[in-house]
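Taking it in order: structure first as structure tokens, then the write-up.
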Amino acid sequence: MTSVTRRALLKALVGTGVGAATGAAAYGHLYARHQLMVTRQTIGVSGLPPSLGGLRIGLMTDIHRSQWVSHDDVRHGVSTLMAERPDLIVLGGDYVTWGDRQYVVPCAEGLAPLSAPHGVFAILGNHDDDTRMPAALLKNGVQVLKDARTHLTINGEGVELAGIRYWTRRPADIGAVVRGAAGPVILLAHDPRRLTEAAALNIPLVLSGHTHGGQVVLPGLGAIAAQKFPVIAGVANRERTAIFVSRGVGTVYVPVRINCPPEVAVLTLQPESRS
């Protein structure tokens with residue numbers, strides 16, 4: 001999450017009397033932000049070859065390693081995802097908060113146990129620097145895609161993983177990353193607002209984070225701090241493009257989650273034809 005407006009709103013909701021805010025904030029700080037869930041979701045992907053049906057992708061994002069998100073939180077997320085035994089793992093960015101150097105290496109080392117038959121890949125979020133974080137991830141066995149793509153062969157079929165930086169937004173720049181793809185493209189984009197460009201480019205699947213699911217979700221009001229995003233959490237479709245947005249693991253601005261538990265996700269892809 002980036003906006004000062006959203007930061008101010010989150011602080012206000014937690015720090016002032018919105019209903020039973022004090023009790024909710026205390027619960028959200030002490031317990032709810034640690035109640036990691038596994039979200040298992042099947043996603044129909046336009047044009048996916050039948051032999052890729054059943055491919056399981058593990059997604060872990062928005063860790064925000066900091067004084068509030070500990071090594072144990074990272075370790076728990078990693079062990080929880082590894083217990084699901086996905087075929088492929090992707091990391092969606094924001095590994096630390098505000099590029100805090102003291103947590104870059106510890107976070108990357110905490111992610112080192114991640115492994116999958118078809119590899120572990122990552123993109124960067126708006127909180128990640130462009131050099132230290134990718135170097136630390138690479139040292140710990142994670143391939144970082146910075147406005148780049150890689151070709152994988154799975155069950156005899158080609159699939160393309162394309163990863164863009166948070167700041168890569170113009171359709172022409174995203175188009176340059178996916179141009180000439182030799183198989184269905186899975187776009188890793190930290191910000192779910194890239195759904196607009198992905199749909200215009202006929203990219204069949206986008207995996208995102210960034211929203212934290214709103215982090216604070218109020219009864220009757222919803223995730224006010226994330227309403228500017230086209231998808232706040234979960235699965236949605238625009239034209240022939242599907243997107244999944246993860247609530248992420250950590251917290252930012254305030255160490256609280258309300259009605260919005262952290263998650264790691266396991267996404268099972270299935271062919272789907274959309275007109």
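Here, A, B, ... name the chains of the structure tokens in the order displayed, residue numbers run from 1 inside each chain, and ligands are numbered from 1 in the same displayed order.
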Report as a PyMOL selection string all protein, DNA and RNA residues lying within 12 Å of A:Gly47, evaluated on only C-alpha atoms, omitting residues in the same chain fewer than 2 positions from it. chain A and resi 44-45+49-53+159+183-186+202-205+240-242+269-275
Can those selected residues be exported to a file as a short mmCIF file (atom, residue, chain, number, x, y, z; two decimals), in the first residue's frame so that it contains N, CA and C atoms?
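Saved as selection08.cif:
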data_model
loop_
_atom_site.label_atom_id
_atom_site.label_comp_id
_atom_site.auth_asym_id
_atom_site.auth_seq_id
_atom_site.Cartn_x
_atom_site.Cartn_y
_atom_site.Cartn_z
N GLY A 44 -10.11 -20.37 -13.50
CA GLY A 44 -10.22 -20.67 -14.92
C GLY A 44 -9.37 -19.71 -15.72
N VAL A 45 -8.50 -20.23 -16.57
CA VAL A 45 -7.56 -19.41 -17.34
C VAL A 45 -7.85 -19.59 -18.82
N PRO A 49 -3.68 -24.65 -21.99
CA PRO A 49 -3.70 -26.00 -22.56
C PRO A 49 -4.21 -27.02 -21.54
N PRO A 50 -4.96 -28.02 -21.98
CA PRO A 50 -5.48 -29.02 -21.04
C PRO A 50 -4.40 -29.68 -20.20
N SER A 51 -3.21 -29.87 -20.76
CA SER A 51 -2.15 -30.54 -20.00
C SER A 51 -1.64 -29.69 -18.84
N LEU A 52 -1.97 -28.41 -18.83
CA LEU A 52 -1.59 -27.55 -17.71
C LEU A 52 -2.71 -27.43 -16.68
N GLY A 53 -3.84 -28.04 -16.97
CA GLY A 53 -4.92 -28.06 -15.99
C GLY A 53 -4.47 -28.79 -14.74
N VAL A 159 4.83 -22.36 -20.78
CA VAL A 159 4.10 -21.31 -20.07
C VAL A 159 5.10 -20.19 -19.78
N GLY A 183 3.79 -19.15 -25.14
CA GLY A 183 2.81 -19.93 -24.39
C GLY A 183 1.93 -18.97 -23.62
N PRO A 184 0.94 -19.50 -22.89
CA PRO A 184 0.09 -18.62 -22.09
C PRO A 184 0.93 -17.83 -21.07
N VAL A 185 0.56 -16.57 -20.88
CA VAL A 185 1.33 -15.67 -20.01
C VAL A 185 0.66 -15.55 -18.65
N ILE A 186 1.47 -15.71 -17.61
CA ILE A 186 1.05 -15.38 -16.25
C ILE A 186 1.81 -14.13 -15.87
N ASN A 202 -4.68 -8.81 -23.60
CA ASN A 202 -5.17 -10.20 -23.65
C ASN A 202 -4.27 -11.16 -22.88
N ILE A 203 -3.72 -10.71 -21.77
CA ILE A 203 -2.96 -11.58 -20.89
C ILE A 203 -3.97 -12.40 -20.06
N PRO A 204 -3.86 -13.72 -20.07
CA PRO A 204 -4.93 -14.52 -19.46
C PRO A 204 -4.99 -14.52 -17.94
N LEU A 205 -3.83 -14.28 -17.26
CA LEU A 205 -3.84 -14.39 -15.80
C LEU A 205 -2.88 -13.39 -15.19
N ARG A 240 -11.20 -11.34 -21.03
CA ARG A 240 -10.61 -12.68 -21.05
C ARG A 240 -9.46 -12.83 -20.05
N THR A 241 -9.34 -11.88 -19.13
CA THR A 241 -8.25 -11.89 -18.16
C THR A 241 -8.77 -12.18 -16.76
N ALA A 242 -8.16 -13.16 -16.11
CA ALA A 242 -8.46 -13.47 -14.72
C ALA A 242 -7.38 -12.87 -13.83
N LEU A 269 -4.87 -23.96 -11.49
CA LEU A 269 -5.30 -23.45 -12.79
C LEU A 269 -6.07 -24.51 -13.56
N GLN A 270 -7.11 -24.06 -14.24
CA GLN A 270 -7.91 -24.93 -15.11
C GLN A 270 -8.22 -24.20 -16.40
N PRO A 271 -8.28 -24.93 -17.52
CA PRO A 271 -8.62 -24.28 -18.79
C PRO A 271 -10.04 -23.70 -18.74
N GLU A 272 -10.18 -22.54 -19.35
CA GLU A 272 -11.50 -21.94 -19.45
C GLU A 272 -11.57 -21.15 -20.74
N SER A 273 -12.65 -21.33 -21.45
CA SER A 273 -12.84 -20.60 -22.69
C SER A 273 -13.88 -19.52 -22.46
N ARG A 274 -13.48 -18.28 -22.69
CA ARG A 274 -14.42 -17.16 -22.54
C ARG A 274 -14.64 -16.51 -23.90
N SER A 275 -15.87 -16.18 -24.15
CA SER A 275 -16.19 -15.50 -25.42
C SER A 275 -16.05 -14.01 -25.27
#
Neighbouring residues of A:Val177 were defined as those with any atom within 9 Å, considering only C-alpha atoms; residues of the same chain fewer than 2 positions away were excluded. Please report them as a ChimeraX atom specification. /A:147-149,162-164,172-175,179-181
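Minimum atom-to-atom distances from A:Ala116, A:Val266, A:Val252, A:Cys260 to A:Arg56 were compared using only C-alpha atoms, and the lowest value belongs to A:Val266.
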Which residues are close to stretch 73-78 of chain A, i.e. within 7 Å by only C-alpha atoms, leaving aside same-chain residues fewer than 2 positions away? Reply as a ChimeraX atom specification. /A:69-71,80-82,110-111,114,264
Writing out the chosen residues with N, CA and C atoms as a PDB file, in the first residue's frame:
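As a result, result30.pdb now contains:
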ATOM      1  N   VAL A  69       6.699  -7.440  11.939  1.00  0.00           N
ATOM      2  CA  VAL A  69       6.586  -8.727  11.253  1.00  0.00           C
ATOM      3  C   VAL A  69       7.908  -9.451  11.459  1.00  0.00           C
ATOM      4  N   SER A  70       7.862 -10.492  12.279  1.00  0.00           N
ATOM      5  CA  SER A  70       9.082 -11.126  12.781  1.00  0.00           C
ATOM      6  C   SER A  70       9.570 -12.247  11.869  1.00  0.00           C
ATOM      7  N   HIS A  71      10.755 -12.736  12.201  1.00  0.00           N
ATOM      8  CA  HIS A  71      11.286 -13.916  11.516  1.00  0.00           C
ATOM      9  C   HIS A  71      10.338 -15.097  11.676  1.00  0.00           C
ATOM     10  N   THR A  80       4.008 -23.039   6.053  1.00  0.00           N
ATOM     11  CA  THR A  80       2.613 -23.277   5.684  1.00  0.00           C
ATOM     12  C   THR A  80       2.485 -23.487   4.189  1.00  0.00           C
ATOM     13  N   LEU A  81       3.167 -22.667   3.407  1.00  0.00           N
ATOM     14  CA  LEU A  81       3.098 -22.813   1.957  1.00  0.00           C
ATOM     15  C   LEU A  81       3.789 -24.090   1.501  1.00  0.00           C
ATOM     16  N   MET A  82       4.930 -24.415   2.079  1.00  0.00           N
ATOM     17  CA  MET A  82       5.632 -25.628   1.682  1.00  0.00           C
ATOM     18  C   MET A  82       4.830 -26.884   1.984  1.00  0.00           C
ATOM     19  N   GLY A 110      14.923 -15.892   5.400  1.00  0.00           N
ATOM     20  CA  GLY A 110      13.724 -16.569   5.881  1.00  0.00           C
ATOM     21  C   GLY A 110      12.950 -17.249   4.770  1.00  0.00           C
ATOM     22  N   LEU A 111      13.076 -16.723   3.546  1.00  0.00           N
ATOM     23  CA  LEU A 111      12.381 -17.299   2.395  1.00  0.00           C
ATOM     24  C   LEU A 111      13.177 -18.417   1.723  1.00  0.00           C
ATOM     25  N   LEU A 114      11.976 -22.044   0.696  1.00  0.00           N
ATOM     26  CA  LEU A 114      10.970 -22.244  -0.344  1.00  0.00           C
ATOM     27  C   LEU A 114      11.578 -22.985  -1.541  1.00  0.00           C
ATOM     28  N   VAL A 264      -1.413 -17.179   2.774  1.00  0.00           N
ATOM     29  CA  VAL A 264      -0.679 -17.653   1.617  1.00  0.00           C
ATOM     30  C   VAL A 264      -1.712 -18.354   0.748  1.00  0.00           C
TER      31      VAL A 264
END
Please list as a list in words every residue within 7 Å of A:Arg193, counting only C-alpha atoms and excluding residues in the same chain fewer than 3 positions away.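 My list of contacting residues is Thr196, Phe229 and Pro230 of chain A.
Closest approach to A:Arg132 among A:Glu239, A:Glu197, A:Asp87, A:Asp100 is made by A:Asp100 (distances from only C-alpha atoms).
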Take atom CA of A:His64 and atom CA of A:Pro134 and report the distance between them in Å, one decimal. 14.9 Å
How many Å separate atom CA of A:Pro86 from atom CA of A:Thr268? 9.1 Å
Considering only C-alpha atoms, state which residue in the set A:Ala189, A:Val254, A:Val96, A:Leu137 is at the smallest distance from A:Leu161.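 Nearest candidate to A:Leu161 out of A:Ala189, A:Val254, A:Val96, A:Leu137: A:Ala189.
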What gap, in Å, lies between atom CA of A:Glu109 and atom CA of A:Gly92?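 Taking atom CA of A:Glu109 and atom CA of A:Gly92, their separation equals 16.4 Å.
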What's around A:Glu84 at 9 Å? Count only C-alpha atoms, leave out sequence neighbours fewer than 5 positions away in its own chain, and write the answer as an MDAnalysis selection string. chainID A and resid 38 58 79 266
Taking only C-alpha atoms into account, name the residue in A:Arg65, A:Arg238, A:Arg33, A:Arg165 that is nearest to A:Gln215.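 So, comparing all the options, the nearest one is A:Arg33.
Counting only C-alpha atoms, the residue from A:Val178, A:Ala136, A:Val90, A:Leu59 that sits nearest to A:Ala112 is A:Ala136.
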To test your reading of the structure, identify every residue in stretch 86-224 of chain A that backbone DSSP assigns to strand (DSSP E or B), and report it as a PyMOL selection string. chain A and resi 88-91+96+120-122+143-144+148-154+157-164+185-189+205-208+216+218+222
Using C-alpha atoms, can you write the selected residues to a file as a PDB file, in the first residue's frame?
ATOM      1  CA  LEU A  88       5.536 -23.467  -8.683  1.00  0.00           C
ATOM      2  CA  ILE A  89       5.988 -20.639  -6.183  1.00  0.00           C
ATOM      3  CA  VAL A  90       5.753 -16.917  -6.856  1.00  0.00           C
ATOM      4  CA  LEU A  91       6.526 -14.071  -4.460  1.00  0.00           C
ATOM      5  CA  VAL A  96      10.327  -5.238   3.816  1.00  0.00           C
ATOM      6  CA  VAL A 120      10.579 -20.006  -7.120  1.00  0.00           C
ATOM      7  CA  PHE A 121      10.156 -16.614  -8.779  1.00  0.00           C
ATOM      8  CA  ALA A 122       9.683 -13.108  -7.442  1.00  0.00           C
ATOM      9  CA  GLN A 143      14.793 -15.748  -9.470  1.00  0.00           C
ATOM     10  CA  VAL A 144      13.666 -12.114  -9.634  1.00  0.00           C
ATOM     11  CA  ALA A 148      11.363  -9.641 -17.668  1.00  0.00           C
ATOM     12  CA  ARG A 149       9.871 -13.003 -18.398  1.00  0.00           C
ATOM     13  CA  THR A 150      10.998 -16.599 -18.305  1.00  0.00           C
ATOM     14  CA  HIS A 151       9.794 -19.621 -20.241  1.00  0.00           C
ATOM     15  CA  LEU A 152       8.878 -22.786 -18.356  1.00  0.00           C
ATOM     16  CA  THR A 153       8.071 -26.190 -19.801  1.00  0.00           C
ATOM     17  CA  ILE A 154       5.517 -28.028 -17.685  1.00  0.00           C
ATOM     18  CA  GLU A 157       3.688 -27.371 -22.618  1.00  0.00           C
ATOM     19  CA  GLY A 158       5.261 -23.941 -22.530  1.00  0.00           C
ATOM     20  CA  VAL A 159       4.103 -21.310 -20.069  1.00  0.00           C
ATOM     21  CA  GLU A 160       5.527 -17.813 -19.704  1.00  0.00           C
ATOM     22  CA  LEU A 161       6.041 -16.059 -16.376  1.00  0.00           C
ATOM     23  CA  ALA A 162       6.312 -12.301 -16.832  1.00  0.00           C
ATOM     24  CA  GLY A 163       7.207 -10.037 -13.928  1.00  0.00           C
ATOM     25  CA  ILE A 164       6.927  -6.258 -13.933  1.00  0.00           C
ATOM     26  CA  VAL A 185       1.328 -15.670 -20.008  1.00  0.00           C
ATOM     27  CA  ILE A 186       1.048 -15.381 -16.251  1.00  0.00           C
ATOM     28  CA  LEU A 187       1.715 -11.763 -15.332  1.00  0.00           C
ATOM     29  CA  LEU A 188       3.166 -11.084 -11.889  1.00  0.00           C
ATOM     30  CA  ALA A 189       2.220  -7.491 -11.062  1.00  0.00           C
ATOM     31  CA  LEU A 205      -3.843 -14.392 -15.797  1.00  0.00           C
ATOM     32  CA  VAL A 206      -2.525 -11.779 -13.369  1.00  0.00           C
ATOM     33  CA  LEU A 207      -1.272 -12.476  -9.837  1.00  0.00           C
ATOM     34  CA  SER A 208      -1.077  -9.500  -7.487  1.00  0.00           C
ATOM     35  CA  VAL A 216      -8.912  -3.240   8.127  1.00  0.00           C
ATOM     36  CA  LEU A 218     -15.264  -2.769   8.714  1.00  0.00           C
ATOM     37  CA  GLY A 222     -15.793  -2.911   3.834  1.00  0.00           C
TER      38      GLY A 222
END
Could you write out, as JSON, numbers by chain, all the residues of stretch 81-202 of chain A that DSSP marks as helix (DSSP H, G or I)? {"A": [81, 82, 101, 102, 103, 104, 105, 106, 107, 108, 109, 110, 111, 132, 133, 134, 135, 136, 137, 138, 139, 171, 172, 173, 174, 175, 176, 177, 178, 192, 193, 194, 195, 196, 197, 198, 199, 200]}
Taking only C-alpha atoms into account, name the residue in A:Met37, A:Leu138, A:Ile224, A:Leu124 that is nearest to A:Ala108.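 Of all the options, A:Leu138 lies closest to A:Ala108.
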